[in-house]
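K.L.:
One structure is given below, represented as structure tokens, and several questions about it will come after.
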Amino acid sequence: MRKILIITCAFFLIVIAFVLFKCGKNSLENRVVEFQLENGMKWFLVKRGYAPVFAGVIQVKVGGADEEIGKTGLAHMLEHMAFKGTSKIGTKNFEAEKIIMDKIDKSAKAGEREEVELLVEEQKKYIVHNEIWDIMIRNGATNLNASTSKDVTTYHAEMPSSKLELWIYLLSEMISDPAFREFYRERDVVLEEQLMSIDNNPKGRLYKSLGMLAFEDSPYRWPTIGTKEDVLSFNRQDLREFYDKHYLPECMVGAIVGDVNIEETKKYLTEYFGKLKGGNGICHRTSPIDPPQNNIKSSTIFFDAEPMLLIGFHKPTVPHFDDYIFDIFSTLLCEGESSRLIKRLVKEKRIAKSIACFNSYPGTRLPNLFVIYAEPYSVETLDGLRDSILLELEKLKSEPINEGEMKRVKNQMKTGFLMELDSNYELAQMLVYFENIADSWHYILNHPANIDKITYEDIMKSATEYFVPTNSTEIRLRRKEAGK
Amino acid sequence: MKKIFFSFIIFGLCLIPVHSQGIMPEAEKHIEKLESKETHLITLPEIKKGKIKNGLKYYILPEHELPITKAVILIRGGTVYDPIGKSGLMDFTAELMRMGGTEFLKPDEVDSRLDSIASTVDIAANRENIAAMITCRAEHFEESLNILFDMLFRPGFDKIRYEIIKARYLNSVKRRPDSPDLLAITGFRSLLYGNENPWGQYATTKSVNSISLKDIKKTHEKFFRPDNLIVGISGDIKPSKAVDLIKSYKYYPSKTVAELTSPEARPTPKSGIHIIDKDSTQVVFNVGHEGSYRFNPDKYALIVMNDILGGGGSFRRRLPALIRVEKGLAYTVYSHYGFGPDNAHGMFNIYLATKNQSAVHALELVKSELIKFSDQAEISETELSNSKAAILKRLIFEYNSAFNIIVNVVRFNYFGYPDNYIEEYGREISKVTLGDVKRVAREYLHPDKLQVVLVGNEKELVNNFKDKFKTSKLTIEN
């Protein structure tokens with residue numbers, strides 16, 4: 001019996017290798033089954049796998065950038081609340097519970113804190129905490145979590161294949177019928193998350209300051225987790241309205257990658273997600289975009305930590321051709337021990353302890369920043385490090401990169417892409433993300449060819465256009481000097 | 001390609017790993033039906049394994065889905081082998097093996113060669129081993145493996161790279177206080193094992209400064225021997241080809257390794273509250289005492305016990321249910337029960353972070369929950385069955401790629417378990433009874449001896465705690 005299993009597997013794996021890569025782009029295209037429900041929700045299904053498991057991801061086209069000022073952090077708060085059960089799951093008596101929740105809303109609106117506390121206590125007798133999460137865990141879920149970025153909200157898990165229908169059912173209930181119970185406690189949890197990830201975290205503070213300074217009208221300005229004041233001001237009505245506006249089937253993309261039967265999966269998806277009611281069929285998102293920056297921006301934050309430096313340059317986003325050039329910059333400058341900034345500043349000049357580059361901070365849907373992060377050895381060399389980084393960027397304008405570098409960078413990028421396909425979860429994430437952000441997951445198929453199109457002149461031209469002081473924002477973090 | 005930036009997630013810890021009461025009747029039957037679909041069991045595939053003449057052991061498992069090949073190498077050693085006063089030596093040695101070039105290539109040549117073929121090669125010291133890894137395209141595996149073997153057996157010990165690594169290491173020591181989590185675990189460990197013990201000491205400016213190139217060469221000489229390591233290879237490669245690569249490597253050192261015994265320790269909690277000062281509006285807690293040893297017959301009951309308490313990746317486990325869900329006091333809270341070798345037991349450690357004003361309340365809650373859990377043995381059949389189900393059902397993920405299987409088998413071999421230890425592990429977990437869990441909770445948890453390390457604003461904390469608990473100051477040397 002076991003032998004047969006192995007032979008089947010081996011055969012299957014050879015087929016995939018052939019289809020996925022040896023035949024090039026068209027074949028990966030064929031492996032991904034696109035499936036759209038009548039209500040507009042789109043799914044990508046890929047059958048593959050070594051063991052009978054799958055990764056499931058649902059991504060909603062809503063994130064911190066879809067909030068308004070005064071309600072920052074709402075998308076993330078909603079993500080937390082999605083796990084709090086439904087009218088059927090997580091409650092002993094929803095009718096009775098709902099009456100109390102309505103009273104809580106009223107009292108909260110009237111600012112009656114004590115009354116709210118009493119009602120919260122009263123509601124407890126009906127609540128069964130975290131039922132959805134627990135059902136998944138006791139059925140073997142791993143990598144169970146959710147995340148919110150500026151662009152999207154993502155729910156994911158990996159489970160044994162036999163639990164596919166269970167996962168689809170639970171997610172459909174969770175997404176279509178959230179009860180938003182235990183709201184006030186969860187708000188406290190989110191405030192603790194803020195303290196940990198931003199207020200008391202030097203890197204968190206550094207990145208928050210960059211967004212606040214670099215962007216003006218763009219919603220990329222505030223951190224996804226929101227401000228304390230805003231989070232404290234939320235009520236359940238805010239959640240409900242935000243949910244009604246954004247959690248529409250036409251704004252959701254899902255992916256299931258693993259050892260699953262495609263036809264059976266389609267049947268379950270139709271049965272469980274088919275019931276979601278759509279809006280007008282189009283997922284509409286608009287956000288203000290900043291006018292071009294025309295002066296250098298810089299600021300210093302004082303924090304009890306060793307010095308750090310962050311430099312950001314405004315740039316366009318996908319599918320703009322220049323965005324691919326920034327993918328090149330990121331690899332050329334910071335990926336690998338022989339990359340320019342690491343080789344020259346960490347090893348030759350020895351003025352940086354570490355350096356990293358990121359394309360597309362804090363998101364990819366709107367024009368964003370190319371970011372260089374660096375740690376100097378001491379506060380005295382903070383400015384020298386900044387000058388050295390800028391000098392390296394200057395060189396990109398006047399001297400073409402050499403042929404070996406070009407080859408290295410392109411090879412690293414293509415290999416990096418290949419490595420991401422190795423895991424069910426990564427592949428599922430890439431499919432939904434680029435479908436949502438770049439309008440089609442084909443972005444990942446075409447990426448290598450687009451990278452290949454980039455010439456030495458393109459790189460020099462973009463460096464000249466974007467790496468200019470008036471387009472940059474610098475944030476330094478350092479300790480307050482004694483007596484100042 | 002792009003990464004998703006600064007996502008804020010619902011559950012603030014890596015996922016470590018239940019009966020329904022809260023489901024309305026119309027959904028209950030349906031969920032029961034879906035849950036009853038049984039998980040397939042799979043068995044370990046056939047792995048090619050062996051040992052070559054010089055004592056080097058290997059495990060190989062092909063997987064041809066993608067043109068990627070990976071390797072893992074475990075070397076006996078690790079940071080607990082650092083001599084007293086030379087904390088950082090193993091880290092430093094591993095880093096210099098990776099960065100310091102080889103007898104055949106200068107450091108820069110190694111860097112540009114690996115980048116040009118897009119191979120990722122790492123060497124890092126863990127506490128109880130040194131681990132090396134390769135991830136690369138199949139066509140570059142031979143070259144990557146040869147370079148890694150050269151790093152391990154024929155390192156270049158480049159003097160300039162030695163200086164760079166030292167400067168970076170010293171700067172890392174300086175940056176340690178930037179992370180409250182790092183401060184807390186460093187303090188917790190040094191109190192529990194003693195700062196004069198290899199398991200408790202931590203790297204300082206002084207210890208790193210004392211590490212000479214000669215020390216590193218000596219360490220290399222002692223540990224980096226073919227009979228002191230295990231190689232695992234998986235991915236797009238024929239097993240016979242992989243064996244040939246291992247056998248045909250020309251520069252293995254001839255000497256064999258001397259018998260290595262990992263150092264001894266007797267972890268003893270320094271009961272009380274120890275405060276490490278850091279200007280912060282949130283306090284990081286490490287609360288606990290000693291753990292146990294890997295070959296303890298009670299290990300499986302302890303694993304289930306810890307899962308129920310707070311190690312289970314579920315919000316319904318005791319500590320997260322109370323501290324996070326019910327009281328809203330923390331974003332991250334979990335417990336960890338660790339196992340060490342026979343002569344140096346692991347740690348039991350509860351982690352949480354809460355705002356300064358809630359610190360006293362949170363500590364009281366943790367203490368009372370531990371008393372309920374251990375002294376009063378208030379643990380239910382439902383908790384037991386849910387935790388066991390979770391642990392057993394996710395075991396299948398240990399087999400979800402050839403590389404996972406290989407990493408596991410290499411680790412099992414390193415620590416003295418059979419190759420198919422996952423199966424034994426599953427069998428032993430399923431045997432654990434409620435009686436076992438209650439017994440180990442009483443026997444192994446000591447709410448009266450808790451060692452509490454807090455990282456936060458000392459002045460504020462001393463003031464908050466002074467009516468209820470005595471506190472003392474703990475300093476982490478830089």
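Identifiers in the structure tokens: chain A, B, ... in order shown; residue index from 1 per chain; ligand index from 1 in order shown.
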Give me the residues near Leu45 (chain A) as a PDB file with C-alpha atoms, in the first residue's frame, where near means some atom within 12 Å (using only C-alpha atoms) and where sequence neighbours in that chain fewer than 4 positions away do not count.

P.N.:
```
ATOM      1  CA  GLU A  29      -0.822  29.533 -15.897  1.00  0.00           C
ATOM      2  CA  ASN A  30      -2.489  26.220 -16.526  1.00  0.00           C
ATOM      3  CA  ARG A  31      -1.915  24.911 -13.057  1.00  0.00           C
ATOM      4  CA  VAL A  32      -3.727  27.728 -11.357  1.00  0.00           C
ATOM      5  CA  VAL A  33      -7.465  27.117 -11.629  1.00  0.00           C
ATOM      6  CA  GLU A  34      -9.401  30.367 -11.490  1.00  0.00           C
ATOM      7  CA  PHE A  35     -12.884  30.069 -10.128  1.00  0.00           C
ATOM      8  CA  GLN A  36     -15.330  32.897  -9.684  1.00  0.00           C
ATOM      9  CA  PHE A  54      -3.417  22.478   2.198  1.00  0.00           C
ATOM     10  CA  ALA A  55      -2.952  26.200   2.786  1.00  0.00           C
ATOM     11  CA  GLY A  56      -6.022  28.407   2.635  1.00  0.00           C
ATOM     12  CA  VAL A  57      -5.944  32.192   2.344  1.00  0.00           C
ATOM     13  CA  VAL A 253      -9.950  36.846  -3.294  1.00  0.00           C
ATOM     14  CA  GLY A 254      -9.170  33.419  -1.899  1.00  0.00           C
ATOM     15  CA  ALA A 255      -6.605  30.739  -2.671  1.00  0.00           C
ATOM     16  CA  ILE A 256      -6.331  27.091  -1.738  1.00  0.00           C
ATOM     17  CA  VAL A 257      -3.048  25.376  -2.511  1.00  0.00           C
ATOM     18  CA  GLY A 258      -2.302  21.805  -1.604  1.00  0.00           C
ATOM     19  CA  ASP A 259      -3.433  18.241  -1.860  1.00  0.00           C
ATOM     20  CA  VAL A 260      -7.095  18.910  -2.593  1.00  0.00           C
ATOM     21  CA  ASN A 261      -9.622  17.759  -5.162  1.00  0.00           C
ATOM     22  CA  ILE A 262     -10.364  20.760  -7.368  1.00  0.00           C
ATOM     23  CA  GLU A 263     -13.924  19.826  -8.320  1.00  0.00           C
ATOM     24  CA  GLU A 264     -14.864  19.023  -4.735  1.00  0.00           C
ATOM     25  CA  THR A 265     -13.327  22.310  -3.599  1.00  0.00           C
ATOM     26  CA  LYS A 266     -15.369  24.251  -6.145  1.00  0.00           C
ATOM     27  CA  LEU A 269     -16.860  27.127  -2.207  1.00  0.00           C
ATOM     28  CA  ASN A 424       1.786  26.026  -0.311  1.00  0.00           C
ATOM     29  CA  LEU A 427       2.173  30.461  -3.273  1.00  0.00           C
ATOM     30  CA  ALA A 428      -1.368  31.035  -1.965  1.00  0.00           C
ATOM     31  CA  GLN A 429      -0.308  34.389  -0.516  1.00  0.00           C
ATOM     32  CA  LEU A 431      -1.692  34.610  -5.832  1.00  0.00           C
ATOM     33  CA  VAL A 432      -4.174  36.605  -3.751  1.00  0.00           C
TER      34      VAL A 432
END
```

K.L.:
For Lys92 (chain A), list every protein, DNA or RNA residue within 12 Å, evaluated using only C-alpha atoms, and leave out those in the same chain fewer than 2 positions away; present the list as a list in words.

P.N.:
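Non-adjacent residues within range: Gly85, Thr86, Ser87, Lys88, Ile89, Gly90, Phe94, Glu95, Ala96, Glu97, Lys98, Gln123, Lys124, Lys125, Tyr126, Ile127, Val128, His129 and Glu131 of chain A; Ser20, Gln21, Gly22, Ile23, Met24, Pro25, Ala27 and Glu28 of chain B.
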
K.L.:
Next, write the just-selected residues to a file, as a CSV table (one decimal), in the first residue's frame, keeping C-alpha atoms as the atom set.

P.N.:
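Result file is part.csv:
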```csv
chain,number,residue,atom,x,y,z
A,85,GLY,CA,-17.6,34.3,16.5
A,86,THR,CA,-20.9,34.6,14.7
A,87,SER,CA,-24.6,34.4,15.5
A,88,LYS,CA,-24.3,30.6,15.5
A,89,ILE,CA,-20.8,30.0,16.7
A,90,GLY,CA,-19.4,31.2,20.0
A,94,PHE,CA,-27.6,34.7,20.6
A,95,GLU,CA,-31.0,36.2,21.0
A,96,ALA,CA,-30.4,37.0,24.7
A,97,GLU,CA,-26.8,38.0,23.9
A,98,LYS,CA,-27.8,40.4,21.2
A,123,GLN,CA,-22.9,39.1,28.5
A,124,LYS,CA,-20.1,36.7,29.5
A,125,LYS,CA,-22.6,34.0,30.6
A,126,TYR,CA,-23.6,33.6,26.9
A,127,ILE,CA,-20.2,33.8,25.3
A,128,VAL,CA,-18.0,30.9,24.5
A,129,HIS,CA,-14.6,32.5,23.7
A,131,GLU,CA,-14.8,29.0,19.3
B,20,SER,CA,-17.8,22.6,21.6
B,21,GLN,CA,-20.0,24.2,24.0
B,22,GLY,CA,-20.7,27.5,22.2
B,23,ILE,CA,-22.3,26.5,19.0
B,24,MET,CA,-26.0,27.0,18.2
B,25,PRO,CA,-27.8,23.7,17.4
B,27,ALA,CA,-24.5,24.7,13.2
B,28,GLU,CA,-23.4,22.2,15.8
```

K.L.:
Ranking B:Leu105, B:Ile42, B:Val407, B:Leu474 by minimum distance to chain A and counting only C-alpha atoms, which one comes first?

P.N.:
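With only C-alpha atoms as the atom set, the closest residue is B:Ile42.
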
K.L.:
For the structure I just gave you, how does DSSP split region 36-253 of chain B - specifically, which residues are helix (DSSP H, G or I)? Reply as a ChimeraX atom specification.

P.N.:
/B:79-81,89-99,107-116,138-153,159-178,180-193,205-209,213-223,226-228,239-248

K.L.:
If you run DSSP over the backbone, which residues in region 324-354 of chain B end up strand (DSSP E or B)? Put them as a count of residues only.

P.N.:
15

K.L.:
Kindly indicate which residue among B:Lys86, B:Lys174, B:Arg154, B:Lys470 lies nearest to chain A, using only C-alpha atoms for the distances.

P.N.:
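The shortest atom-to-atom distance to chain A comes from B:Lys174.
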
K.L.:
Between B:Thr261, B:Asn478, B:Ser190, B:Asn408, which residue has the minimum interatomic distance to Asn209 (chain B), considering only C-alpha atoms?

P.N.:
B:Asn478

K.L.:
What is the CA of Ile476 (chain B)-CA of Ala359 (chain B) distance in Å, reported with one decimal?

P.N.:
21.0 Å

K.L.:
Work out how far CA of Trp199 (chain B) is from CA of Val80 (chain B), in Å to one decimal.

P.N.:
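Going from CA of Val80 (chain B) over to CA of Trp199 (chain B) covers 5.4 Å.
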
K.L.:
Would you pick out the contacts of Lys245 (chain A) at 12 Å or less, using only C-alpha atoms, so that residues sharing its chain but fewer than 6 positions from it are not included, and give the list as number ranges by chain?

P.N.:
A: 60-62, 66-67, 75, 238-239, 251, 277-280, 282-285

K.L.:
Between A:Asp199, A:Glu241, A:Glu481, A:Glu117, which residue has the minimum interatomic distance to Arg185 (chain A), considering only C-alpha atoms?

P.N.:
A:Glu117

K.L.:
Identify which of the residues A:His80, A:Arg205, A:Lys103, A:Arg340 lies closest to Asn145 (chain A), counting only C-alpha atoms when measuring atom-to-atom distances.

P.N.:
A:His80

K.L.:
Do you have the CA of Ile396 (chain B)-CA of Thr148 (chain A) distance handy?

P.N.:
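Going from CA of Ile396 (chain B) over to CA of Thr148 (chain A), I get 28.5 Å.
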